[in-house]
$ cat start.txt   # compact mmCIF, C-alpha atoms
# COMPACT_ATOMS: atom_id res chain seq x y z
CA MET C 1165 113.62 74.47 146.20
CA GLN C 1166 111.18 77.26 146.61
CA GLN C 1167 111.71 78.25 143.01
CA SER C 1168 110.19 75.05 141.61
CA ALA C 1169 107.00 75.64 143.55
CA VAL C 1170 106.52 78.99 141.87
CA HIS C 1171 107.66 77.69 138.54
CA ILE C 1172 104.92 76.92 136.05
CA ASP C 1173 104.75 73.25 135.10
CA GLU C 1174 106.80 73.32 131.97
CA TYR C 1175 105.88 70.01 130.46
CA ILE C 1176 102.15 70.68 130.66
CA ILE C 1177 102.53 74.24 129.48
CA THR C 1178 104.59 73.25 126.41
CA GLU C 1179 102.10 70.52 125.56
CA ARG C 1180 99.33 73.10 125.70
CA LEU C 1181 101.39 75.53 123.63
CA ILE C 1182 101.94 72.87 120.99
CA ALA C 1183 98.19 72.24 120.96
CA GLY C 1184 97.75 75.99 120.29
CA ASP C 1185 95.89 76.71 123.52
CA PRO C 1186 95.37 80.52 123.73
CA GLY C 1187 95.25 80.36 127.53
CA ALA C 1188 98.71 78.80 127.65
CA GLN C 1189 100.01 81.37 125.18
CA GLU C 1190 98.82 84.21 127.39
CA LEU C 1191 100.24 82.55 130.47
CA VAL C 1192 103.67 82.18 128.84
CA TYR C 1193 103.56 85.77 127.60
CA ASP C 1194 102.64 87.12 131.03
CA TYR C 1195 105.24 85.02 132.79
CA TYR C 1196 108.24 85.30 130.45
CA GLY C 1197 107.40 88.41 128.39
CA PRO C 1198 108.97 90.99 130.74
CA ALA C 1199 112.09 88.84 131.31
CA LEU C 1200 112.60 88.45 127.56
CA PHE C 1201 111.88 92.13 127.05
CA SER C 1202 114.73 92.97 129.39
CA ILE C 1203 117.08 90.66 127.46
CA ILE C 1204 116.03 92.21 124.14
CA LEU C 1205 116.33 95.74 125.50
CA GLN C 1206 119.95 95.07 126.45
CA VAL C 1207 120.76 94.25 122.82
CA VAL C 1208 118.52 96.73 121.01
CA GLY C 1209 118.56 99.69 123.41
CA ASP C 1210 115.45 101.37 122.04
CA THR C 1211 112.14 100.66 123.83
CA ALA C 1212 109.87 100.88 120.76
CA LYS C 1213 112.21 98.70 118.70
CA ALA C 1214 112.53 96.24 121.57
CA GLU C 1215 108.74 95.92 121.71
CA ASP C 1216 108.68 95.11 118.00
CA VAL C 1217 111.32 92.45 118.61
CA LEU C 1218 109.36 91.00 121.54
CA ALA C 1219 106.25 90.81 119.35
CA ARG C 1220 108.20 89.04 116.60
CA THR C 1221 109.73 86.71 119.17
CA PHE C 1222 106.38 85.55 120.54
CA ILE C 1223 104.82 85.23 117.11
CA GLN C 1224 107.75 83.02 116.09
CA VAL C 1225 107.58 81.10 119.36
CA PHE C 1226 103.89 80.28 119.05
CA LYS C 1227 104.32 79.36 115.42
CA ASN C 1228 107.38 77.15 115.88
CA VAL C 1229 106.59 75.62 119.25
CA VAL C 1230 105.78 72.36 117.46
CA THR C 1231 109.50 72.00 116.77
CA TYR C 1232 110.44 72.73 120.39
CA ARG C 1233 111.11 69.08 121.27
CA GLU C 1234 113.19 68.55 118.14
CA THR C 1235 115.51 71.44 118.97
CA GLY C 1236 116.84 69.44 121.91
CA SER C 1237 116.19 72.32 124.27
CA THR C 1238 116.21 71.49 127.94
CA THR C 1239 114.09 74.29 129.36
CA LEU C 1240 111.40 76.45 127.82
CA PHE C 1241 113.10 79.62 129.03
CA GLY C 1242 116.43 78.61 127.47
CA TRP C 1243 114.70 78.16 124.13
CA LEU C 1244 112.77 81.43 124.46
CA MET C 1245 115.89 83.33 125.44
CA ARG C 1246 117.86 82.14 122.42
CA ILE C 1247 115.02 83.07 120.03
CA ALA C 1248 114.64 86.49 121.68
CA ARG C 1249 118.37 87.20 121.36
CA GLU C 1250 118.43 86.05 117.73
CA GLN C 1251 115.54 88.35 116.89
CA ALA C 1252 117.13 91.22 118.81
CA LEU C 1253 120.43 90.77 116.96
CA LYS C 1254 118.61 90.90 113.62
CA GLU C 1255 116.94 94.17 114.65
CA ALA C 1256 120.21 95.61 115.97
CA ALA C 1257 121.92 94.81 112.66
CA VAL C 1258 119.20 96.64 110.73
CA MET C 1259 119.37 99.61 113.12
CA GLU C 1260 123.12 99.86 112.67
CA GLN C 1261 122.75 99.91 108.90
CA ASP C 1262 120.12 102.64 109.11
CA GLU C 1263 121.86 104.92 111.57
CA ASP C 1264 125.55 104.18 111.18
CA GLY C 1265 126.11 105.91 114.48
CA SER C 1266 127.51 103.11 116.60
CA ASP C 1267 126.71 104.30 120.07
CA ASP C 1268 127.58 101.27 122.07
CA VAL C 1269 125.83 102.35 125.21
CA VAL C 1270 124.12 99.36 126.66
CA LYS C 1271 121.27 100.54 128.79
CA HIS C 1272 120.00 98.55 131.67
CA ASP C 1273 123.38 98.61 133.33
CA SER C 1274 122.49 96.51 136.33
CA SER C 1275 121.60 93.39 134.36
CA LEU C 1276 123.33 90.11 135.16
CA LEU C 1277 125.34 90.02 131.94
CA GLN C 1278 126.33 93.66 132.19
CA ARG C 1279 127.42 93.20 135.79
CA PHE C 1280 129.52 90.28 134.63
CA ALA C 1281 130.95 92.19 131.66
CA ASN C 1282 131.92 95.09 133.91
CA ARG C 1283 134.15 92.78 135.90
CA LEU C 1284 136.12 91.65 132.87
CA PRO C 1285 139.39 93.23 131.77
CA ALA C 1286 138.98 95.68 128.88
CA GLU C 1287 139.85 93.34 126.02
CA SER C 1288 137.71 90.46 127.32
CA LYS C 1289 134.87 92.88 127.86
CA THR C 1290 135.09 93.97 124.23
CA ILE C 1291 135.17 90.36 123.02
CA PHE C 1292 132.16 89.47 125.15
CA HIS C 1293 130.34 92.57 123.96
CA LEU C 1294 130.97 91.81 120.28
CA CYS C 1295 130.06 88.13 120.63
CA TYR C 1296 126.97 88.43 122.80
CA TYR C 1297 125.48 91.88 122.19
CA LYS C 1298 126.51 92.13 118.55
CA GLY C 1299 126.29 88.44 117.71
CA LEU C 1300 129.45 88.58 115.62
CA PRO C 1301 131.26 85.38 114.62
CA LYS C 1302 134.74 84.84 116.08
CA GLU C 1303 136.39 85.56 112.72
CA ALA C 1304 134.78 89.00 112.56
CA VAL C 1305 135.74 89.75 116.16
CA ALA C 1306 139.34 88.71 115.41
CA ARG C 1307 139.44 91.01 112.39
CA MET C 1308 138.11 93.93 114.42
CA LEU C 1309 140.67 93.39 117.16
CA ALA C 1310 143.45 92.58 114.69
CA THR C 1311 144.14 89.13 116.15
CA GLN C 1312 143.63 85.51 115.13
CA PRO C 1313 140.24 83.75 115.44
CA ASP C 1314 141.91 81.05 117.56
CA GLU C 1315 143.03 83.65 120.04
CA VAL C 1316 139.50 85.01 120.28
CA MET C 1317 138.24 81.45 120.80
CA VAL C 1318 140.68 80.92 123.68
CA LYS C 1319 139.78 84.26 125.27
CA LEU C 1320 136.07 83.57 124.90
CA LYS C 1321 136.54 80.19 126.53
CA ASP C 1322 138.21 81.90 129.48
CA ILE C 1323 135.35 84.39 129.60
CA MET C 1324 132.82 81.55 129.71
CA VAL C 1325 134.76 79.83 132.50
CA ALA C 1326 134.66 83.12 134.37
CA PHE C 1327 130.93 83.39 133.66
CA ARG C 1328 130.41 79.91 135.07
CA LYS C 1329 132.15 81.00 138.26
CA PHE C 1330 130.15 84.23 138.30
CA LEU C 1331 126.87 82.32 138.05
CA GLY C 1332 127.96 80.05 140.88
CA GLU C 1333 128.58 82.96 143.24
CA MET G 28 136.71 63.10 134.79
CA GLU G 29 136.65 64.03 131.13
CA LEU G 30 133.04 65.05 131.51
CA ASN G 31 133.83 67.25 134.46
CA HIS G 32 136.58 68.96 132.50
CA TYR G 33 134.14 69.46 129.63
CA ILE G 34 131.55 71.02 131.93
CA GLN G 35 134.15 73.30 133.53
CA SER G 36 135.20 74.60 130.09
CA GLY G 37 132.21 76.94 130.03
CA ILE G 38 130.72 75.27 126.96
CA ILE G 39 127.29 75.01 128.61
CA GLU G 40 127.22 78.73 129.40
CA SER G 41 128.33 79.47 125.86
CA TYR G 42 125.49 77.31 124.49
CA VAL G 43 122.88 78.79 126.83
CA LEU G 44 123.84 82.36 125.91
CA GLY G 45 123.72 81.45 122.23
CA ILE G 46 127.34 82.29 121.40
CA ALA G 47 128.59 78.74 120.82
CA THR G 48 129.73 77.99 117.25
CA SER G 49 127.91 75.34 115.21
CA SER G 50 130.75 72.85 115.70
CA GLU G 51 130.65 73.42 119.46
CA MET G 52 126.89 72.91 119.41
CA GLU G 53 127.29 69.65 117.52
CA GLU G 54 129.90 68.49 119.98
CA LEU G 55 127.61 69.36 122.86
CA GLN G 56 124.71 67.42 121.33
CA GLN G 57 127.01 64.41 120.91
CA MET G 58 128.22 64.69 124.49
CA ARG G 59 124.62 64.91 125.67
CA ARG G 60 123.87 61.63 123.97
CA LEU G 61 126.93 60.04 125.59
CA TYR G 62 126.38 61.58 129.01
CA PRO G 63 122.71 62.28 129.71
CA SER G 64 123.76 63.81 133.04
CA LEU G 65 124.92 66.82 131.03
CA ASN G 66 121.27 67.77 130.60
CA ALA G 67 120.97 68.41 134.32
CA GLU G 68 123.96 70.77 134.07
CA ILE G 69 122.37 72.67 131.20
CA ILE G 70 119.07 72.88 133.05
CA ALA G 71 120.86 74.23 136.12
CA VAL G 72 122.54 77.02 134.11
CA GLU G 73 119.34 77.89 132.26
CA ARG G 74 117.36 78.00 135.50
CA ARG G 75 119.99 80.21 137.10
CA ILE G 76 119.80 82.70 134.23
CA GLU G 77 116.02 82.40 134.15
CA ARG G 78 115.78 83.34 137.82
CA THR G 79 117.88 86.48 137.29
CA ALA G 80 116.04 87.37 134.10
CA LEU G 81 112.71 87.11 135.93
CA ALA G 82 114.08 89.26 138.73
CA GLU G 83 115.41 91.84 136.24
CA ALA G 84 112.26 91.81 134.12
CA VAL G 85 111.13 95.04 132.48
CA SER G 86 107.44 95.33 131.59
CA PRO G 87 106.70 96.27 128.01
CA SER G 88 103.75 98.47 127.14
CA PRO G 89 100.43 96.79 128.05
CA TYR G 90 99.20 97.37 124.49
CA LEU G 91 101.88 95.06 123.14
CA LYS G 92 100.08 91.98 124.44
CA GLN G 93 96.96 92.99 122.59
CA ARG G 94 99.00 93.56 119.43
CA ILE G 95 100.65 90.16 119.59
CA PHE G 96 97.48 88.20 120.31
CA GLN G 97 95.54 90.11 117.71
CA HIS G 98 98.16 89.05 115.17
CA ILE G 99 97.98 85.43 116.30
CA ASN G 100 94.18 85.39 116.19
CA TRP G 101 94.30 86.72 112.65
CA ARG G 102 96.53 83.88 111.63
CA GLU G 103 94.45 81.27 113.38
CA GLU G 104 91.45 82.19 111.35
CA ILE G 105 93.19 81.09 108.18
CA SER G 106 93.72 77.63 109.63
CA PRO G 107 90.68 75.67 110.88
CA PRO G 108 88.38 77.98 112.82
CA GLY G 109 88.31 75.90 115.98
CA ASN G 110 87.35 78.37 118.66
CA ASP G 111 84.59 80.90 118.40
CA LYS G 112 86.88 83.69 119.57
CA SER G 113 86.89 85.03 116.03
CA ARG G 114 86.45 88.74 116.40
CA TYR G 115 88.41 89.59 113.29
CA THR G 116 87.41 89.14 109.71
CA PHE G 117 89.97 87.60 107.45
CA ILE G 118 89.67 88.77 103.88
CA ASN G 119 91.36 86.55 101.36
CA ILE G 120 92.38 88.76 98.48
CA HIS G 121 93.57 85.83 96.45
CA SER G 122 90.69 84.11 94.73
CA LYS G 123 91.08 80.37 94.82
CA ASP G 124 88.41 79.40 92.30
CA GLY G 125 90.85 77.80 89.87
CA GLN G 126 89.97 80.38 87.23
CA HIS G 127 92.84 82.74 87.97
CA ILE G 128 96.56 82.33 87.58
CA THR G 129 99.43 84.28 89.04
CA VAL G 130 102.41 85.05 86.87
CA HIS G 131 105.73 86.80 87.31
CA LYS G 132 105.61 90.59 86.96
CA TRP G 133 108.02 90.45 84.03
CA TRP G 134 105.20 89.07 81.94
CA ARG G 135 103.59 92.50 82.15
CA LEU G 136 106.64 94.09 80.51
CA PHE G 137 106.69 91.32 77.94
CA PHE G 138 103.02 91.87 77.21
CA ILE G 139 103.42 95.65 76.86
CA ILE G 140 106.38 95.25 74.49
CA THR G 141 104.53 92.69 72.41
CA PHE G 142 101.52 94.97 72.28
CA ILE G 143 103.57 97.98 71.15
CA LEU G 144 105.47 95.91 68.57
CA SER G 145 102.22 94.57 67.15
CA LYS G 146 100.91 98.14 66.86
CA ILE G 147 104.08 99.22 65.03
CA CYS G 148 103.78 96.24 62.67
CA LEU G 149 100.15 97.06 62.03
CA PHE G 150 101.04 100.65 61.28
CA PHE G 151 103.70 99.64 58.75
CA ALA G 152 101.39 97.06 57.22
CA ILE G 153 98.74 99.72 56.59
CA TYR G 154 101.31 102.28 55.51
CA TYR G 155 102.94 100.02 52.92
CA PHE G 156 99.61 98.69 51.79
CA LEU G 157 98.44 102.23 51.06
CA LYS G 158 101.73 103.07 49.39
CA TYR G 159 101.49 99.95 47.26
CA GLN G 160 97.93 100.76 46.32
CA GLN G 161 98.89 104.31 45.49
CA SER G 162 101.76 103.21 43.23
CA ARG G 163 99.51 100.71 41.50
CA GLU G 164 96.88 103.35 40.88
CA ARG G 165 99.55 105.63 39.55
CA LYS G 166 100.77 102.89 37.20
CA VAL G 167 97.27 102.24 35.94
CA GLU G 168 96.76 105.93 35.46
CA GLN G 169 100.05 106.21 33.59
CA ARG G 170 99.16 103.30 31.33
CA MET G 171 95.78 104.80 30.61
CA HIS G 172 97.42 108.10 29.87
CA THR G 173 99.88 106.56 27.42
CA GLU G 174 97.10 104.54 25.79
CA GLN G 175 95.10 107.73 25.42
CA THR G 176 98.00 109.55 23.83
CA VAL G 177 98.79 106.58 21.55
CA SER G 178 95.21 105.80 20.36
CA PRO G 179 94.41 108.99 18.43
CA GLU G 180 97.24 108.36 15.96
$ encode --input "start.txt" --output "structure tokens"
Amino acid sequence: MQQSAVHIDEYIITERLIAGDPGAQELVYDYYGPALFSIILQVVGDTAKAEDVLARTFIQVFKNVVTYRETGSTTLFGWLMRIAREQALKEAAVMEQDEDGSDDVVKHDSSLLQRFANRLPAESKTIFHLCYYKGLPKEAVARMLATQPDEVMVKLKDIMVAFRKFLGE
Amino acid sequence: MELNHYIQSGIIESYVLGIATSSEMEELQQMRRLYPSLNAEIIAVERRIERTALAEAVSPSPYLKQRIFQHINWREEISPPGNDKSRYTFINIHSKDGQHITVHKWWRLFFIITFILSKICLFFAIYYFLKYQQSRERKVEQRMHTEQTVSPE
């Protein structure tokens, strides 16, 4: 795989991160920062706010990297991505409270997840949107769509099966 | 076969995206212990998303990096000053000499109320003391007056 050649040696890099090596921190920021920024931007929408979220994400990452092995994460990017999304959802929740104007325009339309969402039928698209971009629990999604949480669970499962196929394409 | 069915259910994708429920996450961790080969599946999905995320990357402002690392350097100076990269001065506002204590802000209110109450008490103490003294003087005066009026007879 050509990809692995380009890929930074994760084990060494995480060891150096855990040791608090500033060089490793910069390397990880330079390598993953823009990718995470794109993920955050999809949730938050606003560039300035997304930058705040990215800053918070990396500060949390460097602080909590000692617990990385305990979290049972398999890849560094997977761990980073989940933290970035969590932070972005927190920011998005605050923004919604402040503004109240729920303009659900997700910028960055060509992203992988958006491309996938665009393929889904309307209802599934809404469920995926509420679960991923809004981070809502299934019960809340069910209430919003006036259905049962179990039904949302089943639909979401189908969506994830479809996503698996989509990734395999 | 069961494992294959489990993998095909999209649970890995759900976990990787961060939308799996806590019970699903627990189940996945259990399955990972039972079938270590699941890890390879998770890695494959994470790598696939990583590759796209790297390809779709959007650069944040170049100043952001400076902001983040400045913040981290600040924090590092509180913990052992290992490297001599210390360009920032950390000022500890909290004195740690063992001579100062920190208390809840409600103590301030308590203190103000106690202070005011003590002033009111003091005022009344003086006021009644003076009144008492005045009445005593008046009594003495009265007695003297009656004695004066009685004695000439």
$ interface_residues --input "start.txt" --of "chain C" --to "chain G" --cutoff "9 Å" --atoms "all atoms listed in the file" --output "ChimeraX atom specification"
/C:1167,1186,1189-1190,1193-1203,1205,1211,1214-1216,1218-1220,1222-1223,1226-1227,1236,1238-1239,1241-1243,1245-1246,1249-1250,1274-1276,1295-1296,1299-1302,1320-1328,1331-1332
$ write_last_selection --input "start.txt" --atoms "C-alpha atoms" --output "CSV table (one decimal), keeping the file's coordinate frame"
chain,number,residue,atom,x,y,z
C,1167,GLN,CA,111.7,78.2,143.0
C,1186,PRO,CA,95.4,80.5,123.7
C,1189,GLN,CA,100.0,81.4,125.2
C,1190,GLU,CA,98.8,84.2,127.4
C,1193,TYR,CA,103.6,85.8,127.6
C,1194,ASP,CA,102.6,87.1,131.0
C,1195,TYR,CA,105.2,85.0,132.8
C,1196,TYR,CA,108.2,85.3,130.4
C,1197,GLY,CA,107.4,88.4,128.4
C,1198,PRO,CA,109.0,91.0,130.7
C,1199,ALA,CA,112.1,88.8,131.3
C,1200,LEU,CA,112.6,88.4,127.6
C,1201,PHE,CA,111.9,92.1,127.0
C,1202,SER,CA,114.7,93.0,129.4
C,1203,ILE,CA,117.1,90.7,127.5
C,1205,LEU,CA,116.3,95.7,125.5
C,1211,THR,CA,112.1,100.7,123.8
C,1214,ALA,CA,112.5,96.2,121.6
C,1215,GLU,CA,108.7,95.9,121.7
C,1216,ASP,CA,108.7,95.1,118.0
C,1218,LEU,CA,109.4,91.0,121.5
C,1219,ALA,CA,106.2,90.8,119.4
C,1220,ARG,CA,108.2,89.0,116.6
C,1222,PHE,CA,106.4,85.6,120.5
C,1223,ILE,CA,104.8,85.2,117.1
C,1226,PHE,CA,103.9,80.3,119.0
C,1227,LYS,CA,104.3,79.4,115.4
C,1236,GLY,CA,116.8,69.4,121.9
C,1238,THR,CA,116.2,71.5,127.9
C,1239,THR,CA,114.1,74.3,129.4
C,1241,PHE,CA,113.1,79.6,129.0
C,1242,GLY,CA,116.4,78.6,127.5
C,1243,TRP,CA,114.7,78.2,124.1
C,1245,MET,CA,115.9,83.3,125.4
C,1246,ARG,CA,117.9,82.1,122.4
C,1249,ARG,CA,118.4,87.2,121.4
C,1250,GLU,CA,118.4,86.0,117.7
C,1274,SER,CA,122.5,96.5,136.3
C,1275,SER,CA,121.6,93.4,134.4
C,1276,LEU,CA,123.3,90.1,135.2
C,1295,CYS,CA,130.1,88.1,120.6
C,1296,TYR,CA,127.0,88.4,122.8
C,1299,GLY,CA,126.3,88.4,117.7
C,1300,LEU,CA,129.4,88.6,115.6
C,1301,PRO,CA,131.3,85.4,114.6
C,1302,LYS,CA,134.7,84.8,116.1
C,1320,LEU,CA,136.1,83.6,124.9
C,1321,LYS,CA,136.5,80.2,126.5
C,1322,ASP,CA,138.2,81.9,129.5
C,1323,ILE,CA,135.4,84.4,129.6
C,1324,MET,CA,132.8,81.6,129.7
C,1325,VAL,CA,134.8,79.8,132.5
C,1326,ALA,CA,134.7,83.1,134.4
C,1327,PHE,CA,130.9,83.4,133.7
C,1328,ARG,CA,130.4,79.9,135.1
C,1331,LEU,CA,126.9,82.3,138.0
C,1332,GLY,CA,128.0,80.0,140.9
$ atom_distance --input "start.txt" --atom1 "atom CA of Ser49 of chain G" --atom2 "atom CA of Arg1279 of chain C"
27.3 Å
$ closest_residue --input "start.txt" --among "C:Val1229, C:Val1318, C:Leu1253, C:Ala1304" --to "Gln1206 of chain C" --atoms "only C-alpha atoms"
C:Leu1253
$ closest_residue --input "start.txt" --among "C:Lys1319, C:Leu1240, C:Lys1254, C:Phe1330" --to "Arg1283 of chain C" --atoms "all atoms listed in the file"
C:Phe1330
$ axis_aligned_box --input "start.txt" --around "segment 1184-1192 of chain C" --padding-each-side "4 Å" --output "lines of an AutoDock Vina configuration file"
center_x = 99.5
center_y = 80.1
center_z = 125.4
size_x = 16.4
size_y = 16.2
size_z = 18.2
$ atom_distance --input "start.txt" --atom1 "atom CA of Ile1182 of chain C" --atom2 "atom CA of Gln57 of chain G"
26.5 Å
$ atom_distance --input "start.txt" --atom1 "atom CA of Lys146 of chain G" --atom2 "atom CA of Lys132 of chain G"
22.0 Å
$ build_atoms --input "start.txt" --residues "segment 31-41 of chain G" --atoms "all heavy atoms" --output "PDB file, keeping the file's coordinate frame"
ATOM      1  N   ASN G  31     133.698  66.133 133.542  1.00  0.00           N
ATOM      2  CA  ASN G  31     133.830  67.250 134.460  1.00  0.00           C
ATOM      3  C   ASN G  31     134.651  68.386 133.843  1.00  0.00           C
ATOM      4  O   ASN G  31     134.289  69.563 133.932  1.00  0.00           O
ATOM      5  CB  ASN G  31     134.471  66.770 135.766  1.00  0.00           C
ATOM      6  CG  ASN G  31     134.232  67.763 136.884  1.00  0.00           C
ATOM      7  OD1 ASN G  31     133.173  68.398 136.920  1.00  0.00           O
ATOM      8  ND2 ASN G  31     135.209  67.917 137.746  1.00  0.00           N
ATOM      9  N   HIS G  32     135.719  67.989 133.174  1.00  0.00           N
ATOM     10  CA  HIS G  32     136.580  68.960 132.500  1.00  0.00           C
ATOM     11  C   HIS G  32     135.777  69.695 131.409  1.00  0.00           C
ATOM     12  O   HIS G  32     135.889  70.910 131.259  1.00  0.00           O
ATOM     13  CB  HIS G  32     137.767  68.219 131.879  1.00  0.00           C
ATOM     14  CG  HIS G  32     138.738  69.140 131.218  1.00  0.00           C
ATOM     15  ND1 HIS G  32     139.629  69.908 131.926  1.00  0.00           N
ATOM     16  CD2 HIS G  32     138.941  69.420 129.914  1.00  0.00           C
ATOM     17  CE1 HIS G  32     140.338  70.628 131.081  1.00  0.00           C
ATOM     18  NE2 HIS G  32     139.940  70.351 129.840  1.00  0.00           N
ATOM     19  N   TYR G  33     134.968  68.911 130.701  1.00  0.00           N
ATOM     20  CA  TYR G  33     134.140  69.460 129.630  1.00  0.00           C
ATOM     21  C   TYR G  33     133.148  70.491 130.186  1.00  0.00           C
ATOM     22  O   TYR G  33     132.979  71.584 129.640  1.00  0.00           O
ATOM     23  CB  TYR G  33     133.402  68.319 128.922  1.00  0.00           C
ATOM     24  CG  TYR G  33     132.615  68.754 127.712  1.00  0.00           C
ATOM     25  CD1 TYR G  33     133.241  69.202 126.556  1.00  0.00           C
ATOM     26  CD2 TYR G  33     131.218  68.697 127.710  1.00  0.00           C
ATOM     27  CE1 TYR G  33     132.527  69.596 125.447  1.00  0.00           C
ATOM     28  CE2 TYR G  33     130.484  69.086 126.606  1.00  0.00           C
ATOM     29  CZ  TYR G  33     131.143  69.537 125.475  1.00  0.00           C
ATOM     30  OH  TYR G  33     130.429  69.926 124.367  1.00  0.00           O
ATOM     31  N   ILE G  34     132.524  70.124 131.300  1.00  0.00           N
ATOM     32  CA  ILE G  34     131.550  71.020 131.930  1.00  0.00           C
ATOM     33  C   ILE G  34     132.232  72.312 132.395  1.00  0.00           C
ATOM     34  O   ILE G  34     131.713  73.408 132.198  1.00  0.00           O
ATOM     35  CB  ILE G  34     130.848  70.314 133.120  1.00  0.00           C
ATOM     36  CG1 ILE G  34     129.963  69.174 132.606  1.00  0.00           C
ATOM     37  CG2 ILE G  34     130.030  71.299 133.945  1.00  0.00           C
ATOM     38  CD1 ILE G  34     129.449  68.240 133.676  1.00  0.00           C
ATOM     39  N   GLN G  35     133.428  72.143 132.982  1.00  0.00           N
ATOM     40  CA  GLN G  35     134.150  73.300 133.530  1.00  0.00           C
ATOM     41  C   GLN G  35     134.650  74.254 132.435  1.00  0.00           C
ATOM     42  O   GLN G  35     135.040  75.381 132.725  1.00  0.00           O
ATOM     43  CB  GLN G  35     135.335  72.844 134.386  1.00  0.00           C
ATOM     44  CG  GLN G  35     134.952  72.090 135.644  1.00  0.00           C
ATOM     45  CD  GLN G  35     134.018  72.862 136.565  1.00  0.00           C
ATOM     46  OE1 GLN G  35     134.079  74.082 136.631  1.00  0.00           O
ATOM     47  NE2 GLN G  35     133.131  72.157 137.248  1.00  0.00           N
ATOM     48  N   SER G  36     134.654  73.774 131.173  1.00  0.00           N
ATOM     49  CA  SER G  36     135.200  74.600 130.090  1.00  0.00           C
ATOM     50  C   SER G  36     134.294  75.770 129.706  1.00  0.00           C
ATOM     51  O   SER G  36     134.658  76.600 128.870  1.00  0.00           O
ATOM     52  CB  SER G  36     135.452  73.732 128.858  1.00  0.00           C
ATOM     53  OG  SER G  36     134.221  73.423 128.245  1.00  0.00           O
ATOM     54  N   GLY G  37     133.111  75.819 130.303  1.00  0.00           N
ATOM     55  CA  GLY G  37     132.210  76.940 130.030  1.00  0.00           C
ATOM     56  C   GLY G  37     131.389  76.750 128.765  1.00  0.00           C
ATOM     57  O   GLY G  37     130.709  77.665 128.316  1.00  0.00           O
ATOM     58  N   ILE G  38     131.451  75.546 128.208  1.00  0.00           N
ATOM     59  CA  ILE G  38     130.720  75.270 126.960  1.00  0.00           C
ATOM     60  C   ILE G  38     129.205  75.386 127.167  1.00  0.00           C
ATOM     61  O   ILE G  38     128.494  75.896 126.300  1.00  0.00           O
ATOM     62  CB  ILE G  38     131.099  73.853 126.406  1.00  0.00           C
ATOM     63  CG1 ILE G  38     130.317  73.530 125.134  1.00  0.00           C
ATOM     64  CG2 ILE G  38     130.896  72.746 127.424  1.00  0.00           C
ATOM     65  CD1 ILE G  38     130.738  74.312 123.928  1.00  0.00           C
ATOM     66  N   ILE G  39     128.740  74.955 128.341  1.00  0.00           N
ATOM     67  CA  ILE G  39     127.290  75.010 128.610  1.00  0.00           C
ATOM     68  C   ILE G  39     126.822  76.467 128.627  1.00  0.00           C
ATOM     69  O   ILE G  39     125.830  76.821 127.992  1.00  0.00           O
ATOM     70  CB  ILE G  39     126.972  74.307 129.951  1.00  0.00           C
ATOM     71  CG1 ILE G  39     127.242  72.807 129.799  1.00  0.00           C
ATOM     72  CG2 ILE G  39     125.542  74.565 130.373  1.00  0.00           C
ATOM     73  CD1 ILE G  39     127.174  72.031 131.082  1.00  0.00           C
ATOM     74  N   GLU G  40     127.576  77.305 129.310  1.00  0.00           N
ATOM     75  CA  GLU G  40     127.220  78.730 129.400  1.00  0.00           C
ATOM     76  C   GLU G  40     127.206  79.356 128.003  1.00  0.00           C
ATOM     77  O   GLU G  40     126.334  80.147 127.669  1.00  0.00           O
ATOM     78  CB  GLU G  40     128.204  79.471 130.302  1.00  0.00           C
ATOM     79  CG  GLU G  40     128.041  79.177 131.789  1.00  0.00           C
ATOM     80  CD  GLU G  40     128.503  77.790 132.202  1.00  0.00           C
ATOM     81  OE1 GLU G  40     129.203  77.125 131.408  1.00  0.00           O
ATOM     82  OE2 GLU G  40     128.172  77.352 133.310  1.00  0.00           O
ATOM     83  N   SER G  41     128.213  78.945 127.218  1.00  0.00           N
ATOM     84  CA  SER G  41     128.330  79.470 125.860  1.00  0.00           C
ATOM     85  C   SER G  41     127.107  79.064 125.023  1.00  0.00           C
ATOM     86  O   SER G  41     126.556  79.865 124.264  1.00  0.00           O
ATOM     87  CB  SER G  41     129.616  78.924 125.260  1.00  0.00           C
ATOM     88  OG  SER G  41     129.770  79.311 123.963  1.00  0.00           O
TER      89      SER G  41
END
